[in-house]
>>> print(open('coords05.pdb').read())   # PDB, C-alpha atoms
ATOM      1  CA  MET A   1      -8.913 121.006  29.129
ATOM      2  CA  ASN A   2      -9.876 123.357  26.312
ATOM      3  CA  CYS A   3     -10.807 122.537  22.694
ATOM      4  CA  ASP A   4      -7.348 123.309  21.282
ATOM      5  CA  LYS A   5      -5.637 120.921  23.713
ATOM      6  CA  ALA A   6      -8.239 118.218  23.170
ATOM      7  CA  GLN A   7      -7.994 118.432  19.370
ATOM      8  CA  GLU A   8      -4.200 118.481  19.551
ATOM      9  CA  ALA A   9      -4.258 115.297  21.640
ATOM     10  CA  ILE A  10      -6.669 113.645  19.189
ATOM     11  CA  LEU A  11      -4.454 114.601  16.251
ATOM     12  CA  GLU A  12      -1.236 113.613  17.941
ATOM     13  CA  PHE A  13      -2.085 110.286  19.443
ATOM     14  CA  GLY A  14      -5.186 109.176  17.616
ATOM     15  CA  ILE A  15      -6.395 107.734  20.930
ATOM     16  CA  VAL A  16      -8.482 109.381  23.583
ATOM     17  CA  ASP A  17      -7.375 109.379  27.226
ATOM     18  CA  ALA A  18      -9.610 110.117  30.239
ATOM     19  CA  ASP A  19      -9.059 113.901  30.138
ATOM     20  CA  VAL A  20      -9.856 114.170  26.442
ATOM     21  CA  SER A  21     -12.795 111.820  26.884
ATOM     22  CA  ALA A  22     -14.261 114.008  29.602
ATOM     23  CA  HIS A  23     -13.861 117.116  27.458
ATOM     24  CA  VAL A  24     -15.282 115.455  24.348
ATOM     25  CA  ALA A  25     -18.346 114.247  26.281
ATOM     26  CA  GLY A  26     -19.351 117.813  27.014
ATOM     27  CA  CYS A  27     -18.207 119.517  23.789
ATOM     28  CA  GLU A  28     -20.017 119.032  20.514
ATOM     29  CA  THR A  29     -17.258 120.657  18.426
ATOM     30  CA  CYS A  30     -14.639 118.255  19.731
ATOM     31  CA  ARG A  31     -17.033 115.307  19.454
ATOM     32  CA  ASN A  32     -17.458 116.152  15.788
ATOM     33  CA  PHE A  33     -13.721 116.631  15.428
ATOM     34  CA  LEU A  34     -13.045 113.209  16.947
ATOM     35  CA  ALA A  35     -15.680 111.594  14.721
ATOM     36  CA  LEU A  36     -14.125 113.295  11.702
ATOM     37  CA  GLN A  37     -10.644 112.055  12.633
ATOM     38  CA  ARG A  38     -11.901 108.510  13.129
ATOM     39  CA  SER A  39     -13.714 108.595   9.822
ATOM     40  CA  LEU A  40     -10.613 110.013   8.136
ATOM     41  CA  ASP A  41      -8.474 107.269   9.640
ATOM     42  CA  GLU A  42     -10.908 104.596   8.415
ATOM     43  CA  GLN A  43     -11.000 106.073   4.913
ATOM     44  CA  LEU A  44      -7.214 106.328   4.752
ATOM     45  CA  THR A  45      -6.835 102.761   6.024
ATOM     46  CA  MET A  46      -9.148 101.604   3.232
ATOM     47  CA  ALA A  47      -7.655 103.806   0.535
ATOM     48  CA  TYR A  48      -4.085 102.851   1.360
ATOM     49  CA  ALA A  49      -4.490  99.214   2.331
ATOM     50  CA  ALA A  50      -0.987  97.753   2.492
ATOM     51  CA  PRO A  51      -0.295  96.443  -1.009
ATOM     52  CA  ASP A  52       1.730  93.292  -1.621
ATOM     53  CA  PRO A  53       4.040  92.861  -4.583
ATOM     54  CA  ASP A  54       3.220  90.495  -7.409
ATOM     55  CA  ALA A  55       4.088  86.860  -6.599
ATOM     56  CA  GLY A  56       6.490  86.819  -9.554
ATOM     57  CA  LEU A  57       8.661  89.648  -8.221
ATOM     58  CA  ARG A  58      10.994  87.376  -6.290
ATOM     59  CA  ALA A  59      11.505  85.072  -9.272
ATOM     60  CA  ARG A  60      12.336  88.086 -11.441
ATOM     61  CA  VAL A  61      14.792  89.385  -8.850
ATOM     62  CA  ARG A  62      16.484  85.958  -8.677
ATOM     63  CA  ALA A  63      16.678  85.835 -12.482
ATOM     64  CA  GLY A  64      18.202  89.324 -12.493
ATOM     65  CA  VAL A  65      20.795  88.278  -9.930
ATOM     66  CA  LEU A  66      21.645  85.207 -12.011
ATOM     67  CA  ASP A  67      22.127  87.416 -15.094
ATOM     68  CA  GLU A  68      24.351  89.676 -13.036
ATOM     69  CA  LYS A  69      26.459  86.711 -11.887
ATOM     70  CA  ARG A  70      26.863  85.549 -15.517
ATOM     71  CA  ARG A  71      27.799  89.037 -16.613
ATOM     72  CA  ARG A  72      30.410  89.277 -13.878
ATOM     73  CA  PHE A  73      31.853  85.896 -14.857
ATOM     74  CA  TRP A  74      32.207  86.958 -18.495
ATOM     75  CA  ASP A  75      33.669  90.307 -17.421
ATOM     76  CA  LEU A  76      36.340  88.474 -15.457
ATOM     77  CA  ALA A  77      36.938  85.599 -17.888
ATOM     78  CA  PRO A  78      39.269  87.464 -20.302
ATOM     79  CA  SER A  79      41.630  88.293 -17.421
ATOM     80  CA  PHE A  80      42.246  84.595 -16.848
ATOM     81  CA  ILE A  81      42.321  83.399 -20.459
ATOM     82  CA  ALA A  82      45.840  84.671 -21.313
ATOM     83  CA  PRO A  83      47.638  83.422 -18.173
ATOM     84  CA  GLY A  84      45.589  80.201 -18.242
ATOM     85  CA  ALA A  85      46.587  79.548 -21.870
ATOM     86  CA  GLY A  86      50.239  80.309 -20.960
ATOM     87  CA  LEU A  87      50.190  77.761 -18.139
ATOM     88  CA  VAL A  88      48.537  75.072 -20.274
ATOM     89  CA  THR A  89      51.061  75.659 -23.078
ATOM     90  CA  SER A  90      53.977  75.435 -20.612
ATOM     91  CA  GLY A  91      52.571  72.191 -19.245
ATOM     92  CA  LEU A  92      52.270  70.760 -22.767
ATOM     93  CA  CYS A  93      55.836  71.828 -23.593
ATOM     94  CA  ALA A  94      57.070  70.151 -20.417
ATOM     95  CA  LEU A  95      55.281  66.936 -21.405
ATOM     96  CA  LEU A  96      56.444  66.982 -25.010
ATOM     97  CA  VAL A  97      60.064  67.896 -24.261
ATOM     98  CA  PRO A  98      60.799  66.192 -20.937
ATOM     99  CA  ASP A  99      64.521  67.063 -21.125
ATOM    100  CA  VAL A 100      63.753  70.744 -20.600
ATOM    101  CA  ALA A 101      60.543  70.256 -18.605
ATOM    102  CA  ARG A 102      61.691  72.301 -15.604
ATOM    103  CA  LEU A 103      62.911  75.125 -17.813
ATOM    104  CA  ALA A 104      59.715  75.119 -19.917
ATOM    105  CA  LEU A 105      57.525  75.139 -16.809
ATOM    106  CA  GLY A 106      59.590  77.802 -15.081
ATOM    107  CA  VAL A 107      59.662  80.131 -18.076
ATOM    108  CA  GLY A 108      55.973  79.435 -18.782
ATOM    109  CA  VAL A 109      54.869  80.253 -15.235
ATOM    110  CA  VAL A 110      56.970  83.438 -15.125
ATOM    111  CA  LEU A 111      55.696  84.636 -18.529
ATOM    112  CA  SER A 112      52.079  83.785 -17.645
ATOM    113  CA  ALA A 113      52.344  85.658 -14.351
ATOM    114  CA  ALA A 114      54.015  88.589 -16.113
ATOM    115  CA  SER A 115      51.264  88.680 -18.756
ATOM    116  CA  TYR A 116      48.586  88.644 -16.024
ATOM    117  CA  VAL A 117      50.256  91.477 -14.110
ATOM    118  CA  GLY A 118      50.746  93.381 -17.383
ATOM    119  CA  GLN A 119      47.074  92.950 -18.192
ATOM    120  CA  LEU A 120      46.030  94.219 -14.752
ATOM    121  CA  LEU A 121      48.323  97.235 -15.164
ATOM    122  CA  PHE A 122      46.975  97.917 -18.646
ATOM    123  CA  THR A 123      43.363  97.728 -17.410
ATOM    124  CA  TRP A 124      44.122 100.003 -14.463
ATOM    125  CA  LEU A 125      45.925 102.522 -16.693
ATOM    126  CA  THR A 126      43.140 102.642 -19.277
ATOM    127  CA  GLU A 127      40.553 103.120 -16.514
ATOM    128  CA  GLU A 128      42.627 105.893 -14.922
ATOM    129  CA  LEU A 129      43.125 107.619 -18.275
ATOM    130  CA  GLY A 130      39.448 107.167 -19.091
ATOM    131  CA  GLU A 131      38.416 108.822 -15.820
ATOM    132  CA  GLY A 132      40.997 111.587 -16.247
TER     133      GLY A 132
ATOM    134  CA  MET B   1      17.092  89.112  11.875
ATOM    135  CA  ASP B   2      19.336  91.869  10.508
ATOM    136  CA  SER B   3      22.128  90.434  12.637
ATOM    137  CA  ASP B   4      21.571  87.022  10.981
ATOM    138  CA  VAL B   5      22.053  88.665   7.601
ATOM    139  CA  GLN B   6      25.272  90.289   8.810
ATOM    140  CA  ARG B   7      26.530  86.986  10.241
ATOM    141  CA  LEU B   8      25.906  85.237   6.917
ATOM    142  CA  LEU B   9      27.732  88.031   5.091
ATOM    143  CA  ARG B  10      30.707  87.715   7.422
ATOM    144  CA  GLN B  11      30.735  83.999   6.652
ATOM    145  CA  GLY B  12      30.804  84.828   2.944
ATOM    146  CA  GLN B  13      27.335  83.335   2.321
ATOM    147  CA  ARG B  14      26.085  86.175   0.164
ATOM    148  CA  ASP B  15      23.333  84.206  -1.583
ATOM    149  CA  ARG B  16      21.831  82.973   1.681
ATOM    150  CA  ALA B  17      22.078  86.469   3.154
ATOM    151  CA  PHE B  18      20.307  87.838   0.093
ATOM    152  CA  GLU B  19      17.489  85.283   0.375
ATOM    153  CA  MET B  20      17.000  86.410   3.971
ATOM    154  CA  ILE B  21      16.935  90.032   2.808
ATOM    155  CA  LEU B  22      14.228  89.128   0.287
ATOM    156  CA  ASP B  23      12.177  87.510   3.059
ATOM    157  CA  LEU B  24      12.562  90.561   5.277
ATOM    158  CA  TYR B  25      12.477  93.483   2.870
ATOM    159  CA  GLU B  26      10.878  92.551  -0.463
ATOM    160  CA  THR B  27       7.403  93.769   0.494
ATOM    161  CA  LYS B  28       8.675  96.799   2.401
ATOM    162  CA  VAL B  29      10.855  97.893  -0.508
ATOM    163  CA  PHE B  30       7.913  97.468  -2.863
ATOM    164  CA  ARG B  31       5.669  99.606  -0.644
ATOM    165  CA  LEU B  32       8.304 102.297  -0.238
ATOM    166  CA  VAL B  33       8.867 102.435  -3.984
ATOM    167  CA  LEU B  34       5.130 102.414  -4.671
ATOM    168  CA  SER B  35       4.675 105.408  -2.383
ATOM    169  CA  LEU B  36       7.235 107.244  -4.504
ATOM    170  CA  VAL B  37       6.392 106.199  -8.060
ATOM    171  CA  GLY B  38       2.635 105.826  -7.543
ATOM    172  CA  ASN B  39       2.026 103.062 -10.042
ATOM    173  CA  VAL B  40       1.962  99.343  -9.243
ATOM    174  CA  ALA B  41       3.519  98.118 -12.501
ATOM    175  CA  ARG B  42       6.302 100.664 -12.333
ATOM    176  CA  ALA B  43       6.802  99.993  -8.623
ATOM    177  CA  GLU B  44       7.312  96.278  -9.397
ATOM    178  CA  GLU B  45       9.943  97.211 -11.957
ATOM    179  CA  VAL B  46      11.718  99.670  -9.653
ATOM    180  CA  ALA B  47      11.550  97.274  -6.688
ATOM    181  CA  GLN B  48      13.136  94.604  -8.881
ATOM    182  CA  ASP B  49      15.951  96.970  -9.912
ATOM    183  CA  SER B  50      16.434  98.085  -6.315
ATOM    184  CA  LEU B  51      16.752  94.540  -5.005
ATOM    185  CA  ILE B  52      19.228  93.587  -7.734
ATOM    186  CA  LYS B  53      21.244  96.677  -6.789
ATOM    187  CA  VAL B  54      21.139  95.520  -3.169
ATOM    188  CA  TRP B  55      22.648  92.194  -4.265
ATOM    189  CA  GLN B  56      25.319  93.989  -6.300
ATOM    190  CA  ALA B  57      26.256  96.226  -3.381
ATOM    191  CA  LEU B  58      25.994  93.538  -0.720
ATOM    192  CA  GLU B  59      29.702  92.682  -0.818
ATOM    193  CA  ARG B  60      30.457  96.315   0.064
ATOM    194  CA  TYR B  61      27.951  96.493   2.942
ATOM    195  CA  ASP B  62      30.062  97.046   6.053
ATOM    196  CA  GLY B  63      27.334  97.118   8.704
ATOM    197  CA  ARG B  64      27.986 100.738   9.693
ATOM    198  CA  ALA B  65      24.434 101.753   8.735
ATOM    199  CA  ALA B  66      21.490  99.630   9.859
ATOM    200  CA  LEU B  67      20.646  97.089   7.158
ATOM    201  CA  GLY B  68      17.142  98.501   6.702
ATOM    202  CA  THR B  69      18.389 102.078   6.355
ATOM    203  CA  TRP B  70      20.967 100.929   3.806
ATOM    204  CA  ILE B  71      18.405  98.975   1.740
ATOM    205  CA  TYR B  72      15.811 101.759   1.849
ATOM    206  CA  THR B  73      18.417 104.287   0.717
ATOM    207  CA  ILE B  74      19.191 102.140  -2.328
ATOM    208  CA  ALA B  75      15.467 101.728  -3.049
ATOM    209  CA  ARG B  76      14.733 105.444  -2.662
ATOM    210  CA  ASN B  77      17.642 106.436  -4.889
ATOM    211  CA  THR B  78      16.622 103.896  -7.519
ATOM    212  CA  ALA B  79      13.040 105.196  -7.472
ATOM    213  CA  LEU B  80      14.193 108.804  -7.759
ATOM    214  CA  THR B  81      16.492 107.904 -10.671
ATOM    215  CA  HIS B  82      13.520 106.253 -12.428
ATOM    216  CA  LEU B  83      11.354 109.301 -11.783
ATOM    217  CA  ARG B  84      14.036 111.634 -13.124
ATOM    218  CA  ALA B  85      14.509 109.489 -16.222
ATOM    219  CA  GLU B  86      10.757 109.446 -16.712
ATOM    220  CA  SER B  87      10.451 113.195 -16.303
ATOM    221  CA  TYR B  88      13.341 113.679 -18.745
ATOM    222  CA  ARG B  89      11.625 111.469 -21.317
ATOM    223  CA  ARG B  90       8.359 113.333 -20.929
ATOM    224  CA  THR B  91      10.067 116.701 -20.458
ATOM    225  CA  VAL B  92       7.673 117.593 -17.693
ATOM    226  CA  PRO B  93       8.677 118.668 -14.162
ATOM    227  CA  LEU B  94       9.518 116.009 -11.596
ATOM    228  CA  GLU B  95       6.825 117.336  -9.266
ATOM    229  CA  SER B  96       4.095 116.470 -11.684
ATOM    230  CA  ILE B  97       5.486 112.931 -12.077
ATOM    231  CA  ALA B  98       5.561 112.466  -8.331
ATOM    232  CA  GLU B  99       2.054 113.864  -7.977
ATOM    233  CA  PRO B 100       0.065 110.645  -8.465
ATOM    234  CA  ALA B 101       2.053 108.954  -5.680
ATOM    235  CA  ALA B 102      -1.001 108.865  -3.519
ATOM    236  CA  SER B 103      -3.310 107.420  -6.143
ATOM    237  CA  ALA B 104      -1.664 104.072  -6.226
ATOM    238  CA  VAL B 105      -4.014 101.136  -6.102
ATOM    239  CA  GLY B 106      -7.675 100.705  -6.889
ATOM    240  CA  ARG B 107     -10.430 103.278  -6.995
ATOM    241  CA  GLU B 108     -11.977 102.891  -3.548
ATOM    242  CA  GLY B 109     -11.352 105.771  -1.203
ATOM    243  CA  GLY B 110     -10.975 108.042  -4.227
ATOM    244  CA  ASP B 111     -12.190 111.124  -2.362
ATOM    245  CA  VAL B 112      -9.719 110.858   0.447
ATOM    246  CA  ARG B 113      -6.979 110.137  -2.076
ATOM    247  CA  ARG B 114      -7.758 113.331  -3.903
ATOM    248  CA  LEU B 115      -7.414 115.188  -0.617
ATOM    249  CA  VAL B 116      -4.121 113.448   0.174
ATOM    250  CA  GLU B 117      -2.808 114.456  -3.246
ATOM    251  CA  ARG B 118      -3.289 118.071  -2.250
ATOM    252  CA  LEU B 119      -0.998 117.764   0.773
ATOM    253  CA  PRO B 120       2.577 119.075   0.592
ATOM    254  CA  GLU B 121       4.882 116.393  -0.795
ATOM    255  CA  GLU B 122       6.672 115.439   2.448
ATOM    256  CA  GLN B 123       3.363 115.120   4.329
ATOM    257  CA  ARG B 124       1.770 113.132   1.529
ATOM    258  CA  GLU B 125       4.699 110.727   1.434
ATOM    259  CA  VAL B 126       4.551 110.172   5.188
ATOM    260  CA  VAL B 127       0.764 109.668   5.201
ATOM    261  CA  VAL B 128       0.832 107.165   2.337
ATOM    262  CA  LEU B 129       3.733 105.189   3.812
ATOM    263  CA  TYR B 130       2.190 105.273   7.301
ATOM    264  CA  TYR B 131      -0.894 103.458   6.018
ATOM    265  CA  TYR B 132       1.058 101.203   3.641
ATOM    266  CA  GLN B 133       3.240 100.167   6.576
ATOM    267  CA  GLU B 134       0.239  99.412   8.750
ATOM    268  CA  LYS B 135       0.667 102.538  10.882
ATOM    269  CA  SER B 136       4.236 102.029  12.038
ATOM    270  CA  VAL B 137       5.884 105.407  12.665
ATOM    271  CA  GLU B 138       9.178 103.629  13.368
ATOM    272  CA  GLU B 139       9.214 101.875   9.991
ATOM    273  CA  VAL B 140       8.254 105.050   8.109
ATOM    274  CA  ALA B 141      11.047 106.961   9.871
ATOM    275  CA  LEU B 142      13.529 104.263   8.888
ATOM    276  CA  MET B 143      12.316 104.203   5.292
ATOM    277  CA  LEU B 144      12.485 107.947   4.813
ATOM    278  CA  ASP B 145      15.601 108.372   6.949
ATOM    279  CA  LEU B 146      13.777 110.855   9.169
ATOM    280  CA  PRO B 147      13.603 111.136  12.966
ATOM    281  CA  GLN B 148      10.414 109.605  14.389
ATOM    282  CA  GLY B 149       9.473 113.029  15.788
ATOM    283  CA  THR B 150       9.537 114.511  12.287
ATOM    284  CA  VAL B 151       7.314 111.716  10.977
ATOM    285  CA  LYS B 152       4.856 112.312  13.831
ATOM    286  CA  SER B 153       4.841 116.022  13.177
ATOM    287  CA  HIS B 154       4.188 115.501   9.442
ATOM    288  CA  LEU B 155       1.333 113.145  10.348
ATOM    289  CA  PHE B 156      -0.049 115.631  12.819
ATOM    290  CA  ARG B 157      -0.046 118.460  10.280
ATOM    291  CA  ALA B 158      -1.411 116.227   7.533
ATOM    292  CA  ARG B 159      -4.321 115.020   9.706
ATOM    293  CA  LYS B 160      -5.106 118.579  10.642
ATOM    294  CA  MET B 161      -5.030 119.731   7.044
ATOM    295  CA  LEU B 162      -7.089 116.760   5.839
ATOM    296  CA  ALA B 163      -9.695 117.418   8.523
ATOM    297  CA  GLU B 164      -9.918 121.046   7.419
ATOM    298  CA  MET B 165     -10.223 120.035   3.776
ATOM    299  CA  MET B 166     -12.958 117.520   4.637
ATOM    300  CA  GLN B 167     -14.874 120.073   6.673
ATOM    301  CA  GLY B 168     -14.460 122.573   3.852
ATOM    302  CA  ALA B 169     -15.727 120.014   1.328
ATOM    303  CA  LYS B 170     -18.758 119.220   3.523
ATOM    304  CA  ALA B 171     -19.570 122.908   4.012
ATOM    305  CA  SER B 172     -19.441 123.756   0.299
TER     306      SER B 172
END
>>> encode(input="coords05.pdb", output="structure tokens")
Amino acid sequence: MNCDKAQEAILEFGIVDADVSAHVAGCETCRNFLALQRSLDEQLTMAYAAPDPDAGLRARVRAGVLDEKRRRFWDLAPSFIAPGAGLVTSGLCALLVPDVARLALGVGVVLSAASYVGQLLFTWLTEELGEG
Amino acid sequence: MDSDVQRLLRQGQRDRAFEMILDLYETKVFRLVLSLVGNVARAEEVAQDSLIKVWQALERYDGRAALGTWIYTIARNTALTHLRAESYRRTVPLESIAEPAASAVGREGGDVRRLVERLPEEQREVVVLYYYQEKSVEEVALMLDLPQGTVKSHLFRARKMLAEMMQGAKAS
């Protein structure tokens, strides 16, 4: 084994097999090279000791996720307010005017559903136009 | 463990899946981000943003990419966005923002850090992550989305260059 091969093996694997060992034993240049690599490895291990994140990171991530959940809820809430109010009003009408309860409920449900679909369409259209 | 996360996601248990992701990846994401932004306080901030983005995107995760690869991609992109925003604010080139990546924590080993900072960017990133990840070539390859052979070759060249720089420093 020559010096180039020995140094390549030291660089590549960081460990020394029997062949490299035999070469290093009789070659001062490669002995120095190996010592230098070992010293470099030690210094790098010390300089870049695996850092751990702050103990509060997880709590902050959880808080951020909670904020995100709240934001999503309030983003979605308006979509349900109009149809929800329509259904509640229909229910009240049915209770207050029992003679036309079926009609009031039927019309209320249809109008609420229509308003919800209309709202979805409106949102989709505005987003499409916005992107265009 | 990744398969447990995927099972929980299939069962619609996103919060439990996310807790498992935090157990598995919080530290790794932090180290990856630290290797890119080079500052502990900023790395905490970017790691936090990255993990919240992981939660946001979790419902769209379809399991086609390995979970780790998917998470590291989000973290890397988040870090790069932060670096770009920072460089825009300072109106200095991105390269000079990324430069202190190797001088992350503490002062010990300052000499070797200075040498590492002189390595080409891709080698420096691999060297820093290799030691941050307790010398796992596999993990570094996953984090940087590189083949393991490429990581080994960057390490090889970096070691060679560092040895030359050290010998040069000793000689002068």
>>> resolve_selection(input="coords05.pdb", expression="the PyMOL selection byres ((chain B) within 8 of (chain A))", output="list in words")
Leu22, Glu26, Thr27, Phe30, Arg31, Glu44, Gln48, Asp49, Leu51, Ile52, Trp55, Val105, Glu108, Gly109, Gly110, Val112, Arg113, Val128, Tyr131, Tyr132, Gln133, Glu134, Lys152, Phe156, Arg159, Lys160, Leu162 and Ala163 of chain B
>>> write_last_selection(input="coords05.pdb", atoms="C-alpha atoms", output="PDB file, in the coordinates of the input")
ATOM      1  CA  LEU B  22      14.228  89.128   0.287  1.00  0.00           C
ATOM      2  CA  GLU B  26      10.878  92.551  -0.463  1.00  0.00           C
ATOM      3  CA  THR B  27       7.403  93.769   0.494  1.00  0.00           C
ATOM      4  CA  PHE B  30       7.913  97.468  -2.863  1.00  0.00           C
ATOM      5  CA  ARG B  31       5.669  99.606  -0.644  1.00  0.00           C
ATOM      6  CA  GLU B  44       7.312  96.278  -9.397  1.00  0.00           C
ATOM      7  CA  GLN B  48      13.136  94.604  -8.881  1.00  0.00           C
ATOM      8  CA  ASP B  49      15.951  96.970  -9.912  1.00  0.00           C
ATOM      9  CA  LEU B  51      16.752  94.540  -5.005  1.00  0.00           C
ATOM     10  CA  ILE B  52      19.228  93.587  -7.734  1.00  0.00           C
ATOM     11  CA  TRP B  55      22.648  92.194  -4.265  1.00  0.00           C
ATOM     12  CA  VAL B 105      -4.014 101.136  -6.102  1.00  0.00           C
ATOM     13  CA  GLU B 108     -11.977 102.891  -3.548  1.00  0.00           C
ATOM     14  CA  GLY B 109     -11.352 105.771  -1.203  1.00  0.00           C
ATOM     15  CA  GLY B 110     -10.975 108.042  -4.227  1.00  0.00           C
ATOM     16  CA  VAL B 112      -9.719 110.858   0.447  1.00  0.00           C
ATOM     17  CA  ARG B 113      -6.979 110.137  -2.076  1.00  0.00           C
ATOM     18  CA  VAL B 128       0.832 107.165   2.337  1.00  0.00           C
ATOM     19  CA  TYR B 131      -0.894 103.458   6.018  1.00  0.00           C
ATOM     20  CA  TYR B 132       1.058 101.203   3.641  1.00  0.00           C
ATOM     21  CA  GLN B 133       3.240 100.167   6.576  1.00  0.00           C
ATOM     22  CA  GLU B 134       0.239  99.412   8.750  1.00  0.00           C
ATOM     23  CA  LYS B 152       4.856 112.312  13.831  1.00  0.00           C
ATOM     24  CA  PHE B 156      -0.049 115.631  12.819  1.00  0.00           C
ATOM     25  CA  ARG B 159      -4.321 115.020   9.706  1.00  0.00           C
ATOM     26  CA  LYS B 160      -5.106 118.579  10.642  1.00  0.00           C
ATOM     27  CA  LEU B 162      -7.089 116.760   5.839  1.00  0.00           C
ATOM     28  CA  ALA B 163      -9.695 117.418   8.523  1.00  0.00           C
TER      29      ALA B 163
END
>>> residues_around(input="coords05.pdb", residues="Val29 in chain B", least_positions_apart="4", cutoff="10 Å", atoms="all atoms listed in the file", output="number ranges by chain")
A: 53; B: 22, 24-25, 33-35, 43-44, 46-48, 50-51, 68, 71-76, 143
>>> atom_distance(input="coords05.pdb", atom1="CA of Ile81 in chain A", atom2="CA of Leu103 in chain A")
22.3 Å
>>> atom_distance(input="coords05.pdb", atom1="CA of Arg114 in chain B", atom2="CA of Ala169 in chain B")
11.6 Å
>>> resolve_selection(input="coords05.pdb", expression="the PyMOL selection byres ((chain A and resi 89-95) around 10)", output="ChimeraX atom specification")
/A:83-88,96-109,111-112
>>> build_atoms(input="coords05.pdb", residues="range 63-75 of chain A", atoms="N, CA, C and O atoms", output="CSV table (one decimal), keeping the file's coordinate frame")
chain,number,residue,atom,x,y,z
A,63,ALA,N,16.2,85.9,-11.1
A,63,ALA,CA,16.7,85.8,-12.5
A,63,ALA,C,17.6,87.0,-12.8
A,63,ALA,O,18.7,86.8,-13.4
A,64,GLY,N,17.3,88.2,-12.3
A,64,GLY,CA,18.2,89.3,-12.5
A,64,GLY,C,19.6,89.1,-11.8
A,64,GLY,O,20.6,89.5,-12.4
A,65,VAL,N,19.5,88.5,-10.6
A,65,VAL,CA,20.8,88.3,-9.9
A,65,VAL,C,21.6,87.3,-10.7
A,65,VAL,O,22.8,87.4,-10.8
A,66,LEU,N,20.9,86.2,-11.2
A,66,LEU,CA,21.6,85.2,-12.0
A,66,LEU,C,22.3,85.8,-13.3
A,66,LEU,O,23.5,85.5,-13.6
A,67,ASP,N,21.6,86.7,-13.9
A,67,ASP,CA,22.1,87.4,-15.1
A,67,ASP,C,23.4,88.2,-14.7
A,67,ASP,O,24.4,88.3,-15.4
A,68,GLU,N,23.2,88.9,-13.5
A,68,GLU,CA,24.4,89.7,-13.0
A,68,GLU,C,25.6,88.8,-12.7
A,68,GLU,O,26.7,89.2,-13.1
A,69,LYS,N,25.3,87.6,-12.2
A,69,LYS,CA,26.5,86.7,-11.9
A,69,LYS,C,27.1,86.3,-13.2
A,69,LYS,O,28.4,86.2,-13.3
A,70,ARG,N,26.3,86.0,-14.2
A,70,ARG,CA,26.9,85.5,-15.5
A,70,ARG,C,27.7,86.7,-16.1
A,70,ARG,O,28.8,86.5,-16.6
A,71,ARG,N,27.1,87.9,-16.0
A,71,ARG,CA,27.8,89.0,-16.6
A,71,ARG,C,29.2,89.2,-15.9
A,71,ARG,O,30.2,89.5,-16.6
A,72,ARG,N,29.2,89.1,-14.6
A,72,ARG,CA,30.4,89.3,-13.9
A,72,ARG,C,31.4,88.2,-14.3
A,72,ARG,O,32.6,88.5,-14.4
A,73,PHE,N,30.9,87.0,-14.5
A,73,PHE,CA,31.9,85.9,-14.9
A,73,PHE,C,32.5,86.2,-16.2
A,73,PHE,O,33.7,86.1,-16.4
A,74,TRP,N,31.7,86.7,-17.2
A,74,TRP,CA,32.2,87.0,-18.5
A,74,TRP,C,33.0,88.2,-18.5
A,74,TRP,O,33.9,88.4,-19.4
A,75,ASP,N,32.8,89.1,-17.5
A,75,ASP,CA,33.7,90.3,-17.4
A,75,ASP,C,35.1,89.9,-16.9
A,75,ASP,O,36.1,90.5,-17.3
